[in-house]
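Peer 1: Coordinates in run_3.cif, mmCIF, C-alpha atoms, are listed below.
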data_entry
#
loop_
_atom_site.group_PDB
_atom_site.id
_atom_site.type_symbol
_atom_site.label_atom_id
_atom_site.label_comp_id
_atom_site.auth_asym_id
_atom_site.auth_seq_id
_atom_site.Cartn_x
_atom_site.Cartn_y
_atom_site.Cartn_z
ATOM 1 C CA MET A 20 -0.956 -13.613 -35.748
ATOM 2 C CA ARG A 21 1.937 -13.586 -33.272
ATOM 3 C CA ILE A 22 2.607 -10.418 -31.292
ATOM 4 C CA GLY A 23 5.802 -10.240 -29.251
ATOM 5 C CA VAL A 24 5.980 -8.550 -25.844
ATOM 6 C CA ILE A 25 9.499 -7.732 -24.676
ATOM 7 C CA THR A 26 10.339 -8.217 -21.009
ATOM 8 C CA PHE A 27 13.132 -6.022 -19.647
ATOM 9 C CA PRO A 28 14.529 -6.177 -16.101
ATOM 10 C CA GLY A 29 12.000 -3.925 -14.369
ATOM 11 C CA SER A 30 9.105 -4.415 -16.784
ATOM 12 C CA LEU A 31 5.791 -4.508 -14.903
ATOM 13 C CA ASP A 32 3.027 -4.801 -17.472
ATOM 14 C CA ASP A 33 4.455 -7.419 -19.820
ATOM 15 C CA ARG A 34 2.019 -10.083 -18.596
ATOM 16 C CA ASP A 35 -0.915 -7.684 -18.926
ATOM 17 C CA ALA A 36 0.147 -6.862 -22.484
ATOM 18 C CA GLN A 37 0.399 -10.577 -23.308
ATOM 19 C CA ARG A 38 -3.073 -11.072 -21.861
ATOM 20 C CA ALA A 39 -4.463 -8.186 -23.916
ATOM 21 C CA VAL A 40 -2.943 -9.697 -27.061
ATOM 22 C CA ARG A 41 -4.641 -13.021 -26.245
ATOM 23 C CA ILE A 42 -8.008 -11.350 -25.564
ATOM 24 C CA SER A 43 -7.804 -9.560 -28.913
ATOM 25 C CA GLY A 44 -7.452 -12.908 -30.673
ATOM 26 C CA ALA A 45 -3.719 -13.033 -31.383
ATOM 27 C CA THR A 46 -0.972 -15.209 -29.938
ATOM 28 C CA PRO A 47 1.357 -13.475 -27.463
ATOM 29 C CA VAL A 48 5.056 -14.330 -27.684
ATOM 30 C CA ALA A 49 7.310 -13.551 -24.690
ATOM 31 C CA LEU A 50 10.542 -11.891 -25.868
ATOM 32 C CA TRP A 51 13.617 -11.214 -23.720
ATOM 33 C CA HIS A 52 15.609 -7.967 -23.708
ATOM 34 C CA GLY A 53 18.938 -9.788 -23.700
ATOM 35 C CA ASP A 54 18.288 -11.802 -26.876
ATOM 36 C CA HIS A 55 19.015 -10.699 -30.426
ATOM 37 C CA ASP A 56 15.856 -12.468 -31.576
ATOM 38 C CA LEU A 57 12.290 -11.335 -32.296
ATOM 39 C CA GLN A 58 11.279 -14.984 -32.959
ATOM 40 C CA GLY A 59 9.655 -14.002 -36.222
ATOM 41 C CA VAL A 60 6.743 -12.149 -34.601
ATOM 42 C CA ASP A 61 4.364 -10.038 -36.723
ATOM 43 C CA ALA A 62 4.310 -7.075 -34.329
ATOM 44 C CA VAL A 63 6.141 -5.966 -31.184
ATOM 45 C CA ILE A 64 5.000 -4.364 -27.921
ATOM 46 C CA LEU A 65 7.328 -2.582 -25.475
ATOM 47 C CA PRO A 66 5.439 -2.709 -22.167
ATOM 48 C CA GLY A 67 5.251 -0.395 -19.182
ATOM 49 C CA GLY A 68 7.350 -0.529 -16.036
ATOM 50 C CA PHE A 69 10.710 0.806 -14.935
ATOM 51 C CA ALA A 70 13.205 -0.996 -17.157
ATOM 52 C CA TYR A 71 16.763 -1.000 -15.784
ATOM 53 C CA GLY A 72 15.415 1.048 -12.879
ATOM 54 C CA ASP A 73 14.886 4.000 -15.232
ATOM 55 C CA TYR A 74 18.501 4.896 -14.374
ATOM 56 C CA LEU A 75 20.090 7.703 -16.420
ATOM 57 C CA ARG A 76 16.707 8.721 -17.882
ATOM 58 C CA ALA A 77 13.422 6.800 -18.134
ATOM 59 C CA GLY A 78 13.853 4.260 -20.942
ATOM 60 C CA ALA A 79 17.403 5.365 -21.733
ATOM 61 C CA ILE A 80 19.390 2.265 -20.834
ATOM 62 C CA ALA A 81 16.632 -0.019 -22.131
ATOM 63 C CA SER A 82 16.952 1.697 -25.519
ATOM 64 C CA TYR A 83 20.459 0.166 -25.699
ATOM 65 C CA ALA A 84 19.310 -3.363 -24.753
ATOM 66 C CA PRO A 85 20.486 -6.095 -27.155
ATOM 67 C CA ILE A 86 17.007 -6.774 -28.590
ATOM 68 C CA MET A 87 16.547 -3.080 -29.437
ATOM 69 C CA ALA A 88 18.821 -3.518 -32.462
ATOM 70 C CA GLU A 89 16.253 -5.944 -33.896
ATOM 71 C CA VAL A 90 13.330 -3.719 -32.817
ATOM 72 C CA ILE A 91 14.820 -0.685 -34.580
ATOM 73 C CA ASP A 92 15.490 -2.751 -37.694
ATOM 74 C CA ALA A 93 11.940 -4.175 -37.691
ATOM 75 C CA ALA A 94 10.396 -0.740 -37.077
ATOM 76 C CA ASN A 95 12.304 0.690 -40.026
ATOM 77 C CA LYS A 96 11.004 -2.167 -42.188
ATOM 78 C CA GLY A 97 7.396 -1.331 -41.272
ATOM 79 C CA VAL A 98 6.638 -3.931 -38.587
ATOM 80 C CA PRO A 99 3.958 -2.553 -36.204
ATOM 81 C CA VAL A 100 5.569 -1.518 -32.911
ATOM 82 C CA LEU A 101 3.624 -0.238 -29.886
ATOM 83 C CA GLY A 102 5.314 1.453 -26.922
ATOM 84 C CA ILE A 103 3.267 1.780 -23.747
ATOM 85 C CA CYS A 104 4.392 4.185 -20.989
ATOM 86 C CA ASN A 105 7.967 3.023 -20.259
ATOM 87 C CA GLY A 106 7.885 1.595 -23.798
ATOM 88 C CA PHE A 107 7.093 5.109 -25.097
ATOM 89 C CA GLN A 108 10.112 6.424 -23.205
ATOM 90 C CA MET A 109 12.306 3.703 -24.737
ATOM 91 C CA LEU A 110 11.088 4.403 -28.283
ATOM 92 C CA ALA A 111 11.700 8.133 -27.788
ATOM 93 C CA GLU A 112 15.197 7.432 -26.424
ATOM 94 C CA ALA A 113 15.822 5.148 -29.423
ATOM 95 C CA ARG A 114 14.661 8.026 -31.666
ATOM 96 C CA LEU A 115 11.967 5.862 -33.260
ATOM 97 C CA VAL A 116 9.345 8.429 -32.248
ATOM 98 C CA PRO A 117 9.850 12.178 -31.716
ATOM 99 C CA GLY A 118 10.195 13.971 -28.378
ATOM 100 C CA ALA A 119 11.337 13.015 -24.888
ATOM 101 C CA HIS A 120 9.964 12.826 -21.363
ATOM 102 C CA THR A 121 10.699 14.646 -18.138
ATOM 103 C CA ARG A 122 9.329 14.331 -14.625
ATOM 104 C CA ASN A 123 5.616 15.188 -14.362
ATOM 105 C CA ALA A 124 5.288 18.960 -14.010
ATOM 106 C CA HIS A 125 3.721 18.618 -10.520
ATOM 107 C CA GLN A 126 6.445 16.130 -9.408
ATOM 108 C CA GLN A 127 3.925 13.487 -8.381
ATOM 109 C CA PHE A 128 3.203 9.992 -9.611
ATOM 110 C CA ILE A 129 -0.288 9.910 -11.108
ATOM 111 C CA ARG A 130 -2.827 7.124 -11.553
ATOM 112 C CA ARG A 131 -6.136 7.909 -13.210
ATOM 113 C CA ASP A 132 -8.640 6.701 -15.764
ATOM 114 C CA GLN A 133 -7.847 9.232 -18.472
ATOM 115 C CA ARG A 134 -10.067 10.444 -21.280
ATOM 116 C CA LEU A 135 -8.203 10.761 -24.574
ATOM 117 C CA ARG A 136 -9.083 11.924 -28.059
ATOM 118 C CA VAL A 137 -7.888 9.851 -30.997
ATOM 119 C CA GLU A 138 -6.289 12.441 -33.289
ATOM 120 C CA ASN A 139 -5.083 10.067 -35.984
ATOM 121 C CA ALA A 140 -7.052 6.915 -36.805
ATOM 122 C CA THR A 141 -4.845 5.815 -39.692
ATOM 123 C CA THR A 142 -1.849 4.362 -37.826
ATOM 124 C CA ASP A 143 -1.167 0.644 -37.477
ATOM 125 C CA TRP A 144 -2.405 0.762 -33.866
ATOM 126 C CA THR A 145 -5.421 3.099 -34.255
ATOM 127 C CA ASN A 146 -7.136 2.194 -37.533
ATOM 128 C CA ALA A 147 -10.025 0.465 -35.710
ATOM 129 C CA PHE A 148 -10.947 3.881 -34.231
ATOM 130 C CA GLU A 149 -12.543 6.883 -35.935
ATOM 131 C CA THR A 150 -10.720 10.210 -35.838
ATOM 132 C CA ASN A 151 -11.913 12.274 -32.838
ATOM 133 C CA ASP A 152 -13.143 9.197 -30.956
ATOM 134 C CA GLU A 153 -13.055 9.859 -27.225
ATOM 135 C CA ILE A 154 -11.794 6.906 -25.207
ATOM 136 C CA ILE A 155 -10.910 6.104 -21.584
ATOM 137 C CA ILE A 156 -7.556 4.467 -20.890
ATOM 138 C CA PRO A 157 -5.878 4.090 -17.466
ATOM 139 C CA MET A 158 -2.573 5.854 -16.951
ATOM 140 C CA LYS A 159 0.081 5.782 -14.248
ATOM 141 C CA ASN A 160 3.472 7.419 -14.493
ATOM 142 C CA ALA A 161 6.065 9.648 -12.881
ATOM 143 C CA ASP A 162 8.080 10.736 -15.924
ATOM 144 C CA GLY A 163 5.242 11.333 -18.332
ATOM 145 C CA ARG A 164 5.654 14.919 -19.406
ATOM 146 C CA PHE A 165 6.050 14.871 -23.190
ATOM 147 C CA VAL A 166 8.374 17.581 -24.496
ATOM 148 C CA ALA A 167 9.843 18.482 -27.870
ATOM 149 C CA ASP A 168 11.256 21.690 -29.318
ATOM 150 C CA SER A 169 8.799 24.053 -31.020
ATOM 151 C CA GLU A 170 9.994 23.101 -34.501
ATOM 152 C CA THR A 171 9.419 19.392 -33.824
ATOM 153 C CA LEU A 172 6.027 20.107 -32.253
ATOM 154 C CA ALA A 173 4.917 22.071 -35.312
ATOM 155 C CA ARG A 174 6.142 19.311 -37.605
ATOM 156 C CA ILE A 175 4.448 16.409 -35.810
ATOM 157 C CA GLU A 176 1.215 18.390 -35.412
ATOM 158 C CA GLY A 177 1.280 19.171 -39.140
ATOM 159 C CA GLN A 178 2.066 15.622 -40.221
ATOM 160 C CA GLY A 179 -0.560 13.910 -38.086
ATOM 161 C CA GLN A 180 2.025 12.322 -35.809
ATOM 162 C CA VAL A 181 0.130 13.432 -32.709
ATOM 163 C CA VAL A 182 -2.037 10.327 -32.268
ATOM 164 C CA PHE A 183 -3.634 10.888 -28.845
ATOM 165 C CA ARG A 184 -4.365 13.992 -26.815
ATOM 166 C CA TYR A 185 -5.389 14.267 -23.145
ATOM 167 C CA LEU A 186 -8.943 15.510 -22.544
ATOM 168 C CA ASP A 187 -10.420 17.206 -19.432
ATOM 169 C CA VAL A 188 -7.067 17.656 -17.660
ATOM 170 C CA ASN A 189 -3.447 17.552 -18.708
ATOM 171 C CA PRO A 190 -2.240 15.039 -16.088
ATOM 172 C CA ASN A 191 1.512 15.638 -16.345
ATOM 173 C CA GLY A 192 2.182 18.929 -18.108
ATOM 174 C CA SER A 193 2.780 17.391 -21.554
ATOM 175 C CA LEU A 194 3.205 20.022 -24.262
ATOM 176 C CA ASN A 195 0.095 20.497 -26.452
ATOM 177 C CA ASP A 196 -1.688 17.916 -24.212
ATOM 178 C CA ILE A 197 0.087 15.204 -26.204
ATOM 179 C CA ALA A 198 -0.552 11.682 -24.851
ATOM 180 C CA GLY A 199 0.803 9.666 -27.773
ATOM 181 C CA VAL A 200 2.703 10.038 -31.025
ATOM 182 C CA SER A 201 3.778 7.979 -34.026
ATOM 183 C CA ASN A 202 6.663 7.848 -36.454
ATOM 184 C CA GLU A 203 6.123 9.330 -39.924
ATOM 185 C CA ARG A 204 5.117 5.994 -41.414
ATOM 186 C CA GLY A 205 2.540 5.297 -38.692
ATOM 187 C CA ASN A 206 3.734 1.768 -37.876
ATOM 188 C CA VAL A 207 5.404 2.835 -34.628
ATOM 189 C CA VAL A 208 2.961 4.267 -32.086
ATOM 190 C CA ALA A 209 3.764 5.184 -28.492
ATOM 191 C CA LEU A 210 1.625 6.559 -25.680
ATOM 192 C CA MET A 211 1.744 7.135 -21.942
ATOM 193 C CA PRO A 212 -1.653 5.598 -21.011
ATOM 194 C CA HIS A 213 -2.007 1.797 -20.843
ATOM 195 C CA PRO A 214 -4.406 0.291 -23.419
ATOM 196 C CA GLU A 215 -3.596 -3.232 -22.168
ATOM 197 C CA HIS A 216 -5.413 -2.358 -18.925
ATOM 198 C CA ALA A 217 -8.651 -1.637 -20.823
ATOM 199 C CA THR A 218 -9.342 -4.858 -22.676
ATOM 200 C CA GLU A 219 -11.567 -6.986 -20.442
ATOM 201 C CA PRO A 220 -14.963 -6.065 -18.909
ATOM 202 C CA GLY A 221 -14.705 -6.002 -15.112
ATOM 203 C CA PHE A 222 -10.982 -5.231 -15.135
ATOM 204 C CA GLY A 223 -10.872 -1.973 -17.076
ATOM 205 C CA PRO A 224 -11.253 1.700 -16.225
ATOM 206 C CA ASP A 225 -14.506 3.106 -14.869
ATOM 207 C CA THR A 226 -16.823 4.489 -17.536
ATOM 208 C CA PRO A 227 -20.029 6.532 -17.236
ATOM 209 C CA GLU A 228 -21.924 3.255 -17.851
ATOM 210 C CA ALA A 229 -20.384 1.018 -15.188
ATOM 211 C CA MET A 230 -17.429 0.522 -12.891
ATOM 212 C CA SER A 231 -14.367 -1.183 -14.416
ATOM 213 C CA SER A 232 -16.202 -1.740 -17.698
ATOM 214 C CA GLY A 233 -13.880 0.132 -20.087
ATOM 215 C CA ILE A 234 -12.472 -1.878 -22.985
ATOM 216 C CA ASP A 235 -11.390 0.928 -25.326
ATOM 217 C CA GLY A 236 -7.884 -0.513 -25.321
ATOM 218 C CA LEU A 237 -8.971 -3.552 -27.346
ATOM 219 C CA LYS A 238 -9.067 -1.513 -30.548
ATOM 220 C CA PHE A 239 -5.322 -0.859 -30.350
ATOM 221 C CA PHE A 240 -4.633 -4.566 -30.742
ATOM 222 C CA GLU A 241 -7.472 -5.086 -33.234
ATOM 223 C CA SER A 242 -5.948 -2.307 -35.348
ATOM 224 C CA ALA A 243 -2.626 -4.118 -35.585
ATOM 225 C CA LEU A 244 -4.410 -7.385 -36.425
ATOM 226 C CA ARG A 245 -6.245 -5.629 -39.277
ATOM 227 C CA VAL A 246 -2.939 -4.381 -40.668
ATOM 228 C CA LEU A 247 -1.350 -7.815 -40.391
ATOM 229 C CA ALA A 248 -4.363 -9.459 -42.051
ATOM 230 C CA THR A 249 -3.798 -7.362 -45.168
ATOM 231 C CA VAL A 250 -0.033 -7.963 -45.427
ATOM 232 C CA MET B 16 43.749 6.788 -12.867
ATOM 233 C CA PRO B 17 42.512 9.675 -14.968
ATOM 234 C CA THR B 18 38.842 10.515 -14.783
ATOM 235 C CA ILE B 19 36.772 12.243 -17.427
ATOM 236 C CA VAL B 20 34.025 14.394 -15.970
ATOM 237 C CA VAL B 21 30.913 15.096 -18.013
ATOM 238 C CA GLU B 22 28.315 17.600 -16.856
ATOM 239 C CA VAL B 23 24.786 17.629 -18.239
ATOM 240 C CA MET B 24 22.060 20.192 -17.518
ATOM 241 C CA PRO B 25 18.374 20.308 -18.399
ATOM 242 C CA LYS B 26 17.775 22.794 -21.199
ATOM 243 C CA ALA B 27 17.284 26.306 -19.846
ATOM 244 C CA GLU B 28 13.922 26.766 -21.555
ATOM 245 C CA LEU B 29 12.480 23.574 -20.060
ATOM 246 C CA LEU B 30 10.714 23.346 -16.750
ATOM 247 C CA ASP B 31 13.027 21.696 -14.185
ATOM 248 C CA PRO B 32 10.561 20.430 -11.552
ATOM 249 C CA GLN B 33 13.329 19.211 -9.218
ATOM 250 C CA GLY B 34 15.137 22.536 -9.252
ATOM 251 C CA LYS B 35 11.858 24.326 -8.739
ATOM 252 C CA ALA B 36 11.085 22.170 -5.669
ATOM 253 C CA VAL B 37 14.482 23.008 -4.135
ATOM 254 C CA ALA B 38 14.021 26.707 -4.919
ATOM 255 C CA GLY B 39 10.652 26.512 -3.142
ATOM 256 C CA ALA B 40 12.318 25.024 -0.053
ATOM 257 C CA LEU B 41 14.952 27.800 -0.036
ATOM 258 C CA ALA B 42 12.215 30.415 -0.219
ATOM 259 C CA ARG B 43 10.435 28.805 2.732
ATOM 260 C CA LEU B 44 13.706 28.999 4.698
ATOM 261 C CA GLY B 45 13.738 32.730 4.075
ATOM 262 C CA LYS B 46 16.731 32.575 1.717
ATOM 263 C CA THR B 47 15.450 35.358 -0.457
ATOM 264 C CA ARG B 48 18.704 36.048 -2.313
ATOM 265 C CA PHE B 49 18.401 32.835 -4.332
ATOM 266 C CA THR B 50 16.050 33.301 -7.242
ATOM 267 C CA SER B 51 16.206 29.884 -8.858
ATOM 268 C CA VAL B 52 17.828 26.444 -8.721
ATOM 269 C CA ARG B 53 18.430 24.032 -11.581
ATOM 270 C CA ILE B 54 19.627 20.472 -11.080
ATOM 271 C CA GLY B 55 21.853 18.641 -13.526
ATOM 272 C CA LYS B 56 24.011 15.529 -13.648
ATOM 273 C CA ARG B 57 27.725 14.886 -13.283
ATOM 274 C CA PHE B 58 29.295 11.729 -14.719
ATOM 275 C CA GLU B 59 32.756 10.617 -13.574
ATOM 276 C CA VAL B 60 34.185 8.158 -16.073
ATOM 277 C CA THR B 61 37.334 6.430 -14.861
ATOM 278 C CA VAL B 62 39.788 5.510 -17.578
ATOM 279 C CA ASP B 63 42.253 2.646 -17.807
ATOM 280 C CA GLY B 64 45.493 4.227 -19.078
ATOM 281 C CA ALA B 65 46.219 7.693 -20.406
ATOM 282 C CA VAL B 66 43.577 9.929 -21.941
ATOM 283 C CA ASP B 67 44.350 10.925 -25.516
ATOM 284 C CA ASP B 68 42.371 13.098 -27.927
ATOM 285 C CA ALA B 69 40.691 10.117 -29.557
ATOM 286 C CA LEU B 70 39.372 8.852 -26.230
ATOM 287 C CA LEU B 71 38.216 12.317 -25.261
ATOM 288 C CA ASP B 72 36.380 12.584 -28.579
ATOM 289 C CA GLU B 73 34.762 9.230 -27.891
ATOM 290 C CA VAL B 74 33.537 10.463 -24.507
ATOM 291 C CA ARG B 75 32.285 13.701 -26.078
ATOM 292 C CA ALA B 76 30.257 11.616 -28.539
ATOM 293 C CA LEU B 77 28.925 9.396 -25.726
ATOM 294 C CA ALA B 78 28.044 12.507 -23.736
ATOM 295 C CA GLU B 79 25.931 13.786 -26.621
ATOM 296 C CA GLU B 80 24.353 10.467 -27.556
ATOM 297 C CA MET B 81 23.977 8.505 -24.338
ATOM 298 C CA PHE B 82 24.722 10.511 -21.186
ATOM 299 C CA SER B 83 22.349 13.256 -22.370
ATOM 300 C CA ASN B 84 19.213 13.448 -24.488
ATOM 301 C CA SER B 85 19.518 16.477 -26.752
ATOM 302 C CA VAL B 86 15.741 16.974 -26.723
ATOM 303 C CA ILE B 87 15.778 17.881 -23.037
ATOM 304 C CA GLU B 88 19.412 18.349 -21.991
ATOM 305 C CA ASP B 89 22.690 20.026 -22.931
ATOM 306 C CA VAL B 90 26.215 18.764 -22.318
ATOM 307 C CA VAL B 91 27.854 21.732 -20.592
ATOM 308 C CA SER B 92 31.362 20.366 -20.066
ATOM 309 C CA VAL B 93 33.661 17.418 -20.738
ATOM 310 C CA GLU B 94 37.025 17.589 -18.970
ATOM 311 C CA VAL B 95 39.808 15.398 -17.651
ATOM 312 C CA ILE B 96 40.788 15.435 -13.982
ATOM 313 C CA GLY B 97 43.362 13.451 -12.034
ATOM 314 C CA SER B 98 45.444 12.584 -15.068
ATOM 315 C CA VAL B 99 48.612 12.596 -12.955
ATOM 316 C CA ASN B 100 49.366 9.312 -11.114
ATOM 317 C CA HIS B 101 46.840 8.763 -8.416
#
Mind turning the file's structure into structure tokens?
Peer 2:
Amino acid sequence: MRIGVITFPGSLDDRDAQRAVRISGATPVALWHGDHDLQGVDAVILPGGFAYGDYLRAGAIASYAPIMAEVIDAANKGVPVLGICNGFQMLAEARLVPGAHTRNAHQQFIRRDQRLRVENATTDWTNAFETNDEIIIPMKNADGRFVADSETLARIEGQGQVVFRYLDVNPNGSLNDIAGVSNERGNVVALMPHPEHATEPGFGPDTPEAMSSGIDGLKFFESALRVLATV
Amino acid sequence: MPTIVVEVMPKAELLDPQGKAVAGALARLGKTRFTSVRIGKRFEVTVDGAVDDALLDEVRALAEEMFSNSVIEDVVSVEVIGSVNH
């Protein structure tokens, strides 16, 4: 299985995402924002960072990058697409997932090991979880406050498109404590926390068991591999 | 050269953390007459040649689709300035 990770000018976590793909047992493929080519990959990851300096709005200019035409086309055909942090902002700006982001309600950049609840364990990136699983995934962002109008919120809550919810504290003022969402089909999933940073013992978030031991992020990638194995 | 000015504001019902921070600073300065501040964006798009209705429509469409995100912002004005030689 080949999973592409797109590097934009200003991407920070593309290497980490490639590493997570490798640890999960797939082959990472480095993709470039300026190409009109997904190199035939089986799934695509839009990594975290500050693409194009987050000018205009976080993820806005990146959503017009050349390769996004191919990403949108692939997403509409059912290819699994995961947006992490800045990647979430890009997918929202590209209208592949609902909602948008504003500055964190408290105006500060946050970095914490965040507990999340898996609300929907049927998407292409969450099927290795059970619904209501509680997981710990690191997060770090400035523009992480998820917003949508009340009609959209009601719709995505009703259709199971809220995939992850923050537990314990709402770190950025996101409406309904929403940490991640999906498209209607469930092949495009996007979240603010960083699963790629929770895939290797010793380098993950702290857990009640041991420091840096969290590997809950692995199941994101394993979920996509399960989907691809059945295609 | 003519310039088309587009102004975008965060939606009124949404929290505007930047505006709120400025309003807080005004309050600390004792400026009690100011009850709130909201911060938006102004785009100045310089045009090669004269502005006609078609071009203005194109900028209106860009304002809605690219310069603003309708989930969180509203386009409040699109207007031409400096259309006379300068």
Peer 1: What do you get, as a PDB file with C-alpha atoms, in the coordinates of the input, if you spell out every residue that the PyMOL selection byres ((chain A) within 9 of (chain B)) selects here?
Peer 2:
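Written out: result29.pdb:
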ATOM      1  CA  LEU A  75      20.090   7.703 -16.420  1.00  0.00           C
ATOM      2  CA  ARG A  76      16.707   8.721 -17.882  1.00  0.00           C
ATOM      3  CA  ALA A  79      17.403   5.365 -21.733  1.00  0.00           C
ATOM      4  CA  ILE A  80      19.390   2.265 -20.834  1.00  0.00           C
ATOM      5  CA  GLU A 112      15.197   7.432 -26.424  1.00  0.00           C
ATOM      6  CA  GLY A 118      10.195  13.971 -28.378  1.00  0.00           C
ATOM      7  CA  ALA A 119      11.337  13.015 -24.888  1.00  0.00           C
ATOM      8  CA  HIS A 120       9.964  12.826 -21.363  1.00  0.00           C
ATOM      9  CA  THR A 121      10.699  14.646 -18.138  1.00  0.00           C
ATOM     10  CA  ARG A 122       9.329  14.331 -14.625  1.00  0.00           C
ATOM     11  CA  ASN A 123       5.616  15.188 -14.362  1.00  0.00           C
ATOM     12  CA  ALA A 124       5.288  18.960 -14.010  1.00  0.00           C
ATOM     13  CA  HIS A 125       3.721  18.618 -10.520  1.00  0.00           C
ATOM     14  CA  GLN A 126       6.445  16.130  -9.408  1.00  0.00           C
ATOM     15  CA  VAL A 166       8.374  17.581 -24.496  1.00  0.00           C
ATOM     16  CA  ALA A 167       9.843  18.482 -27.870  1.00  0.00           C
ATOM     17  CA  ASP A 168      11.256  21.690 -29.318  1.00  0.00           C
TER      18      ASP A 168
END
Peer 1: Applied to the shown file, which residues does the PyMOL selection byres ((chain A and resi 95) around 10) return, written as a list in words?
Peer 2: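 The output of the PyMOL selection byres ((chain A and resi 95) around 10) on this file is Glu89, Val90, Ile91, Asp92, Ala93, Ala94, Lys96, Gly97, Val98, Pro99, Leu115, Asn202, Arg204, Asn206 and Val207 of chain A.
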Peer 1: Smallest atom-to-atom distance to Arg164 of chain A: which of A:Phe128, A:Phe148, A:Phe69, A:Tyr83, using all atoms listed in the file?
Peer 2: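 When distances to Arg164 of chain A are compared using all atoms listed in the file, the smallest one comes from A:Phe128.
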Peer 1: What separation in Å, quoted to one decimal, exists between atom CA of Lys159 of chain A and atom CA of Gly102 of chain A?
Peer 2: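 We find that atom CA of Lys159 of chain A and atom CA of Gly102 of chain A lie 14.4 Å from each other.
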Peer 1: So how far away is atom CA of Val23 of chain B from atom CA of Glu73 of chain B, in Å?
Peer 2: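 Atom CA of Val23 of chain B lies 16.2 Å from atom CA of Glu73 of chain B.
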Peer 1: Between atom CA of Met20 of chain A and atom CA of Ala62 of chain A, what is the spacing in Å?
Peer 2: 8.5 Å
Peer 1: Using all atoms listed in the file for the distances, tell me which of A:Leu110, A:Ala36, A:Val100, A:Leu237 is nearest to Val60 of chain A.
Peer 2: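 Under the stated criterion, the closest residue is A:Val100.
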